[in-house]
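This is work_35.txt. It holds compact mmCIF, C-alpha atoms.
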```txt
# COMPACT_ATOMS: atom_id res chain seq x y z
CA MET A 1 70.06 107.02 116.94
CA LYS A 2 71.92 108.80 119.72
CA ASN A 3 73.16 105.47 121.06
CA HIS A 4 74.35 104.45 117.60
CA GLY A 5 76.19 107.77 117.29
CA LYS A 6 77.90 107.24 120.64
CA ILE A 7 78.90 103.74 119.64
CA ARG A 8 80.40 104.95 116.36
CA HIS A 9 82.24 107.74 118.20
CA ALA A 10 83.61 105.28 120.75
CA GLY A 11 84.68 102.97 117.93
CA ARG A 12 86.54 105.80 116.18
CA GLN A 13 88.25 106.75 119.42
CA SER A 14 89.34 103.16 120.04
CA LEU A 15 90.67 102.87 116.49
CA TYR A 16 92.57 106.13 116.92
CA LEU A 17 94.13 104.94 120.18
CA LEU A 18 95.13 101.61 118.65
CA THR A 19 96.65 103.38 115.64
CA ARG A 20 98.59 105.73 117.91
CA LEU A 21 99.76 102.81 120.01
CA GLY A 22 100.97 100.97 116.96
CA ARG A 23 102.77 103.98 115.49
CA TYR A 24 104.22 105.77 118.46
CA GLU A 25 103.92 103.86 121.69
CA LEU A 26 105.44 100.48 120.81
CA THR A 27 108.91 101.73 121.74
CA ILE A 28 107.62 102.94 125.10
CA LEU A 29 106.12 99.54 125.82
CA LEU A 30 109.43 97.91 124.87
CA CYS A 31 111.39 100.23 127.18
CA ILE A 32 108.96 99.56 130.02
CA ALA A 33 109.39 95.83 129.41
CA VAL A 34 113.19 96.22 129.47
CA LEU A 35 112.99 98.27 132.66
CA SER A 36 110.64 95.86 134.43
CA GLY A 37 112.43 92.75 133.20
CA GLY A 38 115.82 94.18 134.09
CA ILE A 39 114.79 95.03 137.64
CA TRP A 40 113.18 91.64 138.13
CA GLY A 41 116.19 89.85 136.61
CA PHE A 42 118.67 91.75 138.77
CA VAL A 43 116.75 91.09 141.98
CA ALA A 44 116.39 87.39 141.17
CA LEU A 45 120.05 87.07 140.21
CA ALA A 46 121.23 88.94 143.31
CA ASP A 47 119.15 86.62 145.50
CA GLU A 48 120.71 83.54 143.87
CA VAL A 49 124.21 84.97 144.26
CA ILE A 50 123.68 85.80 147.94
CA GLU A 51 122.46 82.24 148.60
CA GLY A 52 125.44 80.78 146.74
CA ASN A 53 123.36 78.97 144.13
CA THR A 54 125.37 80.36 141.21
CA GLN A 55 128.83 79.52 142.49
CA SER A 56 129.25 76.23 140.61
CA ILE A 57 128.30 77.64 137.21
CA ASP A 58 130.40 80.75 137.86
CA GLU A 59 133.44 78.59 138.56
CA SER A 60 132.83 76.33 135.56
CA LEU A 61 132.55 79.24 133.12
CA LEU A 62 135.58 81.00 134.55
CA LEU A 63 137.75 77.87 134.34
CA ALA A 64 136.53 77.18 130.79
CA LEU A 65 138.33 80.35 129.71
CA ARG A 66 141.70 79.17 131.11
CA ASN A 67 144.37 76.74 129.99
CA PRO A 68 143.77 73.60 132.13
CA ALA A 69 147.50 73.05 132.40
CA ASP A 70 148.17 76.63 133.55
CA LEU A 71 145.31 78.60 135.13
CA SER A 72 147.33 81.80 134.85
CA ASP A 73 147.06 81.56 131.05
CA PRO A 74 143.76 82.60 129.41
CA ILE A 75 142.79 80.50 126.40
CA GLY A 76 143.85 81.77 123.00
CA PRO A 77 147.03 83.38 121.66
CA GLY A 78 148.68 86.36 123.28
CA TRP A 79 147.06 88.91 120.98
CA VAL A 80 143.60 87.78 122.15
CA GLU A 81 144.58 88.47 125.74
CA GLU A 82 145.87 91.89 124.70
CA MET A 83 142.58 92.62 122.95
CA GLY A 84 140.78 91.62 126.14
CA ARG A 85 142.67 94.33 128.00
CA ASP A 86 141.84 96.82 125.26
CA PHE A 87 138.14 95.98 125.40
CA THR A 88 138.01 96.13 129.19
CA ALA A 89 139.51 99.63 129.05
CA LEU A 90 136.40 100.76 127.17
CA GLY A 91 134.53 100.36 130.46
CA GLY A 92 137.06 102.28 132.52
CA VAL A 93 136.20 105.57 134.18
CA GLY A 94 138.63 107.61 132.07
CA VAL A 95 137.29 106.35 128.75
CA LEU A 96 133.66 106.67 129.81
CA VAL A 97 134.22 110.26 130.96
CA LEU A 98 135.75 111.13 127.58
CA ILE A 99 132.87 109.46 125.70
CA THR A 100 130.31 111.31 127.81
CA LEU A 101 132.06 114.65 127.31
CA GLY A 102 132.17 113.99 123.58
CA ALA A 103 128.42 113.34 123.52
CA LEU A 104 127.77 116.46 125.58
CA GLY A 105 129.88 118.47 123.14
CA TYR A 106 127.78 117.17 120.25
CA LEU A 107 124.52 118.09 121.99
CA LEU A 108 125.78 121.57 122.87
CA LEU A 109 127.04 122.24 119.34
CA ALA A 110 123.69 121.03 117.99
CA GLY A 111 121.89 123.50 120.26
CA ARG A 112 120.34 120.78 122.45
CA TYR A 113 121.16 122.51 125.71
CA ARG A 114 118.48 120.97 127.88
CA ALA A 115 119.19 117.51 126.44
CA ALA A 116 122.84 118.06 127.33
CA LEU A 117 121.86 119.00 130.89
CA PHE A 118 119.70 115.88 131.19
CA THR A 119 122.59 113.73 129.91
CA SER A 120 125.03 115.30 132.36
CA ILE A 121 122.74 114.10 135.17
CA ALA A 122 121.65 110.73 133.76
CA VAL A 123 125.07 109.22 133.07
CA PRO A 124 126.83 110.24 136.33
CA GLY A 125 123.68 109.20 138.22
CA GLY A 126 123.90 105.69 136.80
CA ILE A 127 127.60 105.43 137.59
CA LEU A 128 126.92 106.57 141.16
CA LEU A 129 124.22 103.90 141.47
CA SER A 130 126.71 101.27 140.29
CA THR A 131 129.21 102.33 142.95
CA VAL A 132 126.61 102.24 145.73
CA MET A 133 125.33 98.80 144.70
CA LYS A 134 128.86 97.39 144.57
CA MET A 135 129.55 98.65 148.08
CA GLY A 136 126.26 97.24 149.33
CA PHE A 137 126.76 93.67 148.06
CA ASP A 138 130.51 93.57 148.75
CA ARG A 139 131.06 90.23 146.94
CA PRO A 140 134.68 89.01 146.90
CA ARG A 141 136.53 88.87 143.60
CA PRO A 142 137.20 85.48 141.93
CA ASP A 143 140.14 83.68 143.50
CA LEU A 144 140.29 80.64 141.20
CA VAL A 145 142.59 82.25 138.65
CA PRO A 146 145.13 85.07 138.65
CA HIS A 147 143.73 88.44 137.67
CA GLU A 148 144.92 89.83 134.35
CA ALA A 149 143.89 93.38 135.26
CA MET A 150 144.17 95.52 138.37
CA VAL A 151 141.13 95.48 140.67
CA TYR A 152 140.47 97.35 143.90
CA THR A 153 136.72 97.19 144.51
CA ALA A 154 134.12 94.51 145.26
CA SER A 155 132.85 92.14 142.58
CA PHE A 156 129.04 92.33 142.36
CA PRO A 157 127.74 93.81 140.16
CA SER A 158 130.56 94.29 137.67
CA GLY A 159 131.35 97.99 137.72
CA HIS A 160 132.84 98.00 134.22
CA SER A 161 129.84 96.12 132.82
CA MET A 162 127.25 98.30 134.53
CA MET A 163 129.06 101.59 133.91
CA SER A 164 129.58 100.76 130.24
CA ALA A 165 125.90 99.77 129.92
CA VAL A 166 124.85 102.92 131.76
CA THR A 167 127.07 105.17 129.64
CA TYR A 168 126.82 103.63 126.18
CA LEU A 169 123.17 102.52 126.33
CA THR A 170 121.99 105.70 128.06
CA LEU A 171 123.84 107.94 125.59
CA ALA A 172 122.49 105.91 122.68
CA ALA A 173 118.95 106.06 124.08
CA LEU A 174 119.16 109.82 124.61
CA LEU A 175 120.81 110.54 121.26
CA THR A 176 118.05 108.65 119.45
CA ARG A 177 115.55 111.04 121.05
CA VAL A 178 117.17 114.06 119.38
CA GLN A 179 118.30 112.41 116.15
CA PRO A 180 115.73 112.21 113.32
CA SER A 181 117.63 109.82 111.04
CA LEU A 182 116.43 106.24 111.42
CA ARG A 183 119.79 104.96 110.22
CA LEU A 184 121.66 106.88 112.89
CA LYS A 185 119.21 105.77 115.57
CA ALA A 186 119.89 102.13 114.70
CA TYR A 187 123.63 102.78 114.47
CA PHE A 188 123.80 104.37 117.93
CA LEU A 189 121.90 101.49 119.53
CA ILE A 190 123.82 98.69 117.80
CA LEU A 191 127.19 100.27 118.59
CA ALA A 192 126.22 100.81 122.24
CA ILE A 193 125.10 97.20 122.65
CA LEU A 194 128.28 95.88 120.99
CA LEU A 195 130.57 97.96 123.22
CA THR A 196 128.66 96.93 126.34
CA LEU A 197 128.92 93.22 125.47
CA LEU A 198 132.65 93.43 124.68
CA VAL A 199 133.43 95.14 127.99
CA GLY A 200 131.47 92.59 130.03
CA MET A 201 132.92 89.53 128.31
CA SER A 202 136.45 90.87 128.69
CA ARG A 203 136.01 91.11 132.46
CA VAL A 204 135.28 87.39 132.71
CA TYR A 205 138.04 86.51 130.24
CA LEU A 206 140.59 88.42 132.33
CA GLY A 207 139.43 86.59 135.46
CA VAL A 208 138.47 89.69 137.44
CA HIS A 209 134.74 88.98 137.60
CA TRP A 210 132.36 86.07 137.96
CA PRO A 211 129.98 85.70 134.98
CA THR A 212 127.00 86.53 137.21
CA ASP A 213 128.69 89.81 138.18
CA VAL A 214 128.73 90.80 134.51
CA LEU A 215 125.17 89.64 133.89
CA ALA A 216 123.98 91.71 136.86
CA GLY A 217 125.86 94.75 135.55
CA TRP A 218 124.26 94.39 132.14
CA THR A 219 120.71 94.07 133.49
CA ALA A 220 121.08 96.99 135.90
CA GLY A 221 122.69 99.21 133.25
CA ALA A 222 120.06 98.38 130.64
CA SER A 223 117.31 99.13 133.15
CA TRP A 224 118.82 102.53 133.91
CA ALA A 225 119.09 103.34 130.20
CA ALA A 226 115.44 102.36 129.63
CA LEU A 227 114.38 104.54 132.58
CA CYS A 228 116.34 107.51 131.20
CA TRP A 229 114.72 107.06 127.77
CA ILE A 230 111.22 107.02 129.28
CA VAL A 231 111.91 110.09 131.44
CA MET A 232 113.42 112.03 128.56
CA ARG A 233 110.48 111.23 126.28
CA TRP A 234 108.06 112.39 128.97
CA MET A 235 110.03 115.62 129.37
CA GLN A 236 110.06 116.15 125.61
CA GLN A 237 106.28 115.80 125.49
CA ARG A 238 106.05 118.48 128.18
CA GLY A 239 108.40 120.75 126.24
CA GLN A 240 111.13 120.57 128.89
CA VAL A 241 113.70 118.94 126.57
CA GLU A 242 114.28 119.56 122.88
CA THR A 243 112.56 117.18 120.49
CA GLU A 244 113.97 115.71 117.29
CA GLU A 245 113.72 117.77 114.12
CA LYS A 246 112.36 116.17 110.98
CA SER A 247 114.74 116.05 108.05
CA VAL A 248 115.23 114.28 104.74
CA ALA A 249 117.27 111.62 106.57
CA ASP A 250 114.19 110.71 108.59
CA VAL A 251 112.62 108.93 105.65
CA GLU A 252 115.73 107.04 104.58
```
For this file, produce the structure as structure tokens.
Amino acid sequence: MKNHGKIRHAGRQSLYLLTRLGRYELTILLCIAVLSGGIWGFVALADEVIEGNTQSIDESLLLALRNPADLSDPIGPGWVEEMGRDFTALGGVGVLVLITLGALGYLLLAGRYRAALFTSIAVPGGILLSTVMKMGFDRPRPDLVPHEAMVYTASFPSGHSMMSAVTYLTLAALLTRVQPSLRLKAYFLILAILLTLLVGMSRVYLGVHWPTDVLAGWTAGASWAALCWIVMRWMQQRGQVETEEKSVADVE
């Protein structure tokens, strides 16, 4: 009878753990998968770039976005080129600083002081990592086509792509940890992904980055955002960062 009781107890414990995993831990597993996959993808891509195996596809994609009769002319009407410059500015340092300060202001006004402190470390930390990586690889900029935007640093990984991913995805990931509304959680994430994609694609369109530069920036930035989400959740569980507050919006 004792053995049967132990078996039933173990079964209840297993069922409880599976239920908890299904309800609360799926997002953690997804973030871990993004983090692991992003690191693996970046390392593999960097290795291919260093060996020169991506050069042909980089050149083909870059030339596909130019007028064959005039490589100084990106495909599409003039207003598309102007929009490309507008989108690429969303990944510039000035814009990203303003966005980050705006998010910090929201967290401070909402009384999330420790979350604001964590954010003020997470975002600049990711941008610093981007700068160090760019200096380490020191890949030359594309020279097939004229640049449609000013550049003054190395090419790999794309700084605009990685910094926008770091800023927008990290801010979205952190804001979802203090925002109870499911609608707003989804909105933050979708908007962050859209902005990150637009910035990266604009860099290739303007001829200032190879496509693999942008892909590397995306993977590295997404990995950093996933890491920040995991760390913040762990700190919330330990009571070191404010947790989300339940509200009526949480069930919408």
Determine, counting all atoms listed in the file, which protein, DNA and RNA residues have an atom within 9 Å of an atom of Thr219 of chain A; residues of the same chain fewer than 4 positions away are not included. Present the result as a PDB file with C-alpha atoms, in the coordinates of the input.
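As written to disk, out36.pdb reads:
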```pdb
ATOM      1  CA  VAL A  34     113.190  96.220 129.470  1.00  0.00           C
ATOM      2  CA  LEU A  35     112.990  98.270 132.660  1.00  0.00           C
ATOM      3  CA  GLY A  37     112.430  92.750 133.200  1.00  0.00           C
ATOM      4  CA  GLY A  38     115.820  94.180 134.090  1.00  0.00           C
ATOM      5  CA  ILE A  39     114.790  95.030 137.640  1.00  0.00           C
ATOM      6  CA  GLY A  41     116.190  89.850 136.610  1.00  0.00           C
ATOM      7  CA  PHE A  42     118.670  91.750 138.770  1.00  0.00           C
ATOM      8  CA  MET A 162     127.250  98.300 134.530  1.00  0.00           C
ATOM      9  CA  ALA A 165     125.900  99.770 129.920  1.00  0.00           C
ATOM     10  CA  VAL A 214     128.730  90.800 134.510  1.00  0.00           C
ATOM     11  CA  LEU A 215     125.170  89.640 133.890  1.00  0.00           C
ATOM     12  CA  SER A 223     117.310  99.130 133.150  1.00  0.00           C
ATOM     13  CA  TRP A 224     118.820 102.530 133.910  1.00  0.00           C
TER      14      TRP A 224
END
```
Hey, which bits of segment 67-138 of chain A sit within 12 Å of segment 183-195 of chain A, and for each residue what's the closest pair of atoms and how far apart in Å (one decimal), counting all atoms listed in the file, rows by chain and increasing number, as a tab-separated table?
```
residue	atom	partner	partner_atom	distance
A:Asp86	CA	A:Leu195	CA	11.5
A:Phe87	CA	A:Leu195	CA	8.1
A:Thr88	CA	A:Leu195	CA	9.7
A:Ala89	CA	A:Leu195	CA	10.8
A:Leu90	CA	A:Leu195	CA	7.6
A:Gly91	CA	A:Leu195	CA	8.6
A:Leu96	CA	A:Leu195	CA	11.4
A:Ile99	CA	A:Ala192	CA	11.4
A:Ala103	CA	A:Phe188	CA	11.5
```
Which residues are close to segment 116-119 of chain A, i.e. within 10 Å by all atoms listed in the file, leaving aside same-chain residues fewer than 3 positions away? Reply as a list in words. Thr100, Leu101, Ala103, Leu104, Gly105, Tyr106, Leu107, Leu108, Leu109, Ala110, Gly111, Arg112, Tyr113, Ala122, Val123, Pro124, Gly125, Thr167, Thr170, Leu171, Leu174, Leu175, Cys228, Val231, Met232, Met235, Val241 and Glu242 of chain A
Give as a list in words the set of residues within 6 Å of the point (134.4, 90.5, 146.5), where distances use the file's coordinates and all atoms listed in the file. Asp138, Arg139, Pro140, Arg141, Ala154 and Ser155 of chain A
Just to confirm, what's the straight-line distance from atom CA of Ile50 of chain A to atom CA of Thr212 of chain A in Å (one decimal)?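 Atom CA of Thr212 of chain A lies 11.3 Å from atom CA of Ile50 of chain A.
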What is the distance, in Å and to one decimal place, between atom CA of Thr131 of chain A and atom CA of Gly159 of chain A? 7.1 Å
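With only C-alpha atoms as the atoms that count, the minimum distance from Ala46 of chain A to the choices A:Trp218, A:Arg114, A:Phe137, A:Leu198 is reached by A:Phe137.
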May I ask for the distance between atom CA of Gly52 of chain A and atom CA of Asp73 of chain A, given in Å to one decimal place?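 Separating atom CA of Gly52 of chain A from atom CA of Asp73 of chain A is a distance of 26.7 Å.
Closest approach to His209 of chain A from the set A:Met83, A:Ile121, A:Ala222, A:Leu62 is made by A:Leu62, with distances taken over only C-alpha atoms.
Counting all atoms listed in the file and comparing A:Leu169, A:Ile230, A:Val145, A:Ala44, the residue that lies closest to Pro68 of chain A is A:Val145.
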May I have the centre and edge lengths, in Å to one decimal, of an axis-aligned box around the listed atoms of segment 102-118 of chain A with 8 Å added to every side, as JSON?
```
{"center_x": 125.3, "center_y": 118.4, "center_z": 124.6, "size_x": 29.7, "size_y": 26.2, "size_z": 29.2}
```
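Distance annotation: of A:Ile57, A:Val166, A:Leu206, A:Val199, the residue with the minimal separation from Gly76 of chain A is A:Leu206; atom set is all atoms listed in the file.
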